[in-house]
Amino acid sequence: MRSTISVARFTMMLVGPALVLGNVGCGVDKKKHAAEVTKTKKLAKKLDVAKDEAKKAKNQLIELQSSADKAKARIKAAEKTAKKARDEAKIIKKNFGAKIKASEKEIKALTKARVAADRRAKLLTKLEGTFKKLINDGQISLRVSHGRMVLKMRSKVLFMSGSAKLLNYGKRTLKRIAKVLMGIEGNHFQVAGHTDSKPIKSKKFEDNWELSVARSSAVTKYLLENGVPGEMLSIAGFAEFQAVASNKHAWGRKMNRRIEITLMPAIPRQLVKKQPKRRRRKRRRKR
């Protein structure tokens with residue numbers, strides 16, 4: 001605003017003398033008049049220069065204002081980017097913490113699994129040494145299936161064909177097994193009966209299901225009689241439906257007729273839910 005007023009005053013200073021000179025007429029000295037004209041022209045040039053400088057200054061001011069606006073926009077964008085980066089950093093930190101926790105759990109689980117695997121391997125080695133003669137004689141075999149150790153006995157060692165009554169030879173073998181099982185802590189022993197696919201012809205058993213269950217029951221009861229705690233034993237019967245060899249051949253059917261004792265993890269007591277006690281209803285007294 002000040003620059004505009006100054007230019008206006010400067011213009012009046014230039015135009016004023018020119019008007020006066022125009023009004024004076026012929027009585028003015030020509031040299032003096034020429035000097036004033038020259039002076040006026042110089043002042044006019046100075047005015048033009050001043051106008052150009054004012055225009056440049058205005059343009060510069062506009063540019064500066066534009067630069068300031070751009071700078072503000074950049075600052076705003078930078079703040080937005082910084083906020084986004086902080087938010088992402090928080091998420092990454094949170095996820096990283098969760099991943100660390102998950103990794104710790106995985107490490108613990110892997111360590112636990114490794115310890116269990118080492119324990120099974122040591123136990124298997126120990127049992128192989130204990131049952132070396134029985135294994136060499138073909139009476140029993142030991143293997144690990146799905147992370148569980150399985151002791152397998154062929155049915156001919158324990159039973160007559162189509163029967164669930166234990167043979168004396170089989171009883172002596174089971175006594176030796178019972179002594180070893182009693183020394184294994186923290187496990188549950190599932191005794192499972194398996195048959196071949198041939199239908200049974202017996203008045204006592206309707207089918208292979210009944211035979212497989214009856215045989216596993218007989219073995220379990222005998223282990224119980226010889227010191228293995230009942231809470232560590234369970235019975236299963238699979239008939240012919242978990243074959244380990246083809247039933248088309250005699251040797252395959254012979255392999256399928258078997259008793260398996262699987263060492264399974266014991267179920268912690270805290271996981272077994274207690275049945276809620278029923279509340280007794282109060283009887284209303286007759287008036």
# chains A, B, ... in the order shown; residues from 1 in each chain; ligands from 1
$ residues_around --residues "Gly252 in chain A" --least-positions-apart "4" --cutoff "12 Å" --atoms "only C-alpha atoms" --output "JSON, numbers by chain"
{"A": [154, 195, 196, 197, 198, 240, 243, 244, 245, 246, 247, 248, 256, 257, 258]}
$ select_by_dssp --residues "range 60-225 of chain A" --states "strand (DSSP E)" --output "PyMOL selection string"
chain A and resi 140-145+148-154+187-194
$ write_last_selection --atoms "N, CA and C atoms" --output "short mmCIF file (atom, residue, chain, number, x, y, z; two decimals), in the first residue's frame"
data_model
loop_
_atom_site.label_atom_id
_atom_site.label_comp_id
_atom_site.auth_asym_id
_atom_site.auth_seq_id
_atom_site.Cartn_x
_atom_site.Cartn_y
_atom_site.Cartn_z
N ILE A 140 7.91 -110.91 19.88
CA ILE A 140 7.45 -109.51 19.92
C ILE A 140 8.32 -108.66 18.99
N SER A 141 7.84 -107.45 18.70
CA SER A 141 8.63 -106.47 17.94
C SER A 141 8.32 -105.07 18.48
N LEU A 142 9.28 -104.19 18.34
CA LEU A 142 9.13 -102.81 18.82
C LEU A 142 9.29 -101.85 17.66
N ARG A 143 8.45 -100.83 17.61
CA ARG A 143 8.57 -99.80 16.57
C ARG A 143 7.96 -98.50 17.07
N VAL A 144 8.28 -97.40 16.39
CA VAL A 144 7.69 -96.09 16.71
C VAL A 144 6.75 -95.71 15.58
N SER A 145 5.49 -95.44 15.90
CA SER A 145 4.48 -95.07 14.91
C SER A 145 3.78 -93.79 15.35
N ARG A 148 4.68 -92.50 18.71
CA ARG A 148 4.35 -93.36 19.85
C ARG A 148 5.01 -94.73 19.68
N MET A 149 5.49 -95.26 20.80
CA MET A 149 6.15 -96.55 20.75
C MET A 149 5.11 -97.66 20.84
N VAL A 150 5.28 -98.64 19.98
CA VAL A 150 4.30 -99.75 19.90
C VAL A 150 5.02 -101.07 20.09
N LEU A 151 4.53 -101.86 21.04
CA LEU A 151 5.02 -103.22 21.27
C LEU A 151 4.01 -104.18 20.63
N LYS A 152 4.48 -104.95 19.66
CA LYS A 152 3.57 -105.81 18.90
C LYS A 152 3.85 -107.28 19.22
N MET A 153 2.78 -108.04 19.45
CA MET A 153 2.87 -109.48 19.69
C MET A 153 1.96 -110.20 18.71
N ARG A 154 2.47 -111.26 18.10
CA ARG A 154 1.63 -112.03 17.18
C ARG A 154 0.65 -112.88 17.97
N ASN A 187 2.99 -92.62 31.43
CA ASN A 187 2.43 -93.11 30.17
C ASN A 187 1.13 -93.87 30.42
N HIS A 188 0.39 -94.00 29.33
CA HIS A 188 -0.85 -94.78 29.36
C HIS A 188 -0.68 -95.88 28.32
N PHE A 189 -1.09 -97.08 28.65
CA PHE A 189 -0.89 -98.21 27.75
C PHE A 189 -2.22 -98.66 27.16
N GLN A 190 -2.33 -98.56 25.84
CA GLN A 190 -3.54 -99.01 25.16
C GLN A 190 -3.28 -100.39 24.56
N VAL A 191 -4.07 -101.36 24.99
CA VAL A 191 -3.94 -102.72 24.48
C VAL A 191 -4.99 -102.90 23.38
N ALA A 192 -4.52 -103.14 22.16
CA ALA A 192 -5.43 -103.23 21.01
C ALA A 192 -5.35 -104.59 20.35
N GLY A 193 -6.54 -105.15 20.02
CA GLY A 193 -6.60 -106.43 19.33
C GLY A 193 -6.86 -106.22 17.84
N HIS A 194 -6.17 -107.01 17.00
CA HIS A 194 -6.32 -106.94 15.53
C HIS A 194 -6.48 -108.34 14.97
#
$ select_by_dssp --residues "range 38-266 of chain A" --states "alpha helix (DSSP H)" --output "number ranges by chain"
A: 38-130, 132-136, 155-158, 168-182, 208-225, 250-256
$ residues_around --residues "range 206-214 of chain A" --least-positions-apart "2" --cutoff "12 Å" --atoms "only C-alpha atoms" --output "MDAnalysis selection string"
chainID A and resid 155 159:166 191:204 216:221 234:242 256:260
$ residues_around --residues "Lys179 in chain A" --least-positions-apart "4" --cutoff "10 Å" --atoms "only C-alpha atoms" --output "ChimeraX atom specification"
/A:174-175,183-184,223,226-228
$ closest_residue --among "A:Leu167, A:Glu79, A:Pro229, A:Lys58" --to "Met182 in chain A" --atoms "only C-alpha atoms"
A:Pro229
$ atom_distance --atom1 "CA of Ala116 in chain A" --atom2 "CA of Thr262 in chain A"
15.3 Å
$ atom_distance --atom1 "CA of Ile177 in chain A" --atom2 "CA of Gly147 in chain A"
20.8 Å
$ atom_distance --atom1 "CA of Leu127 in chain A" --atom2 "CA of Arg172 in chain A"
17.0 Å
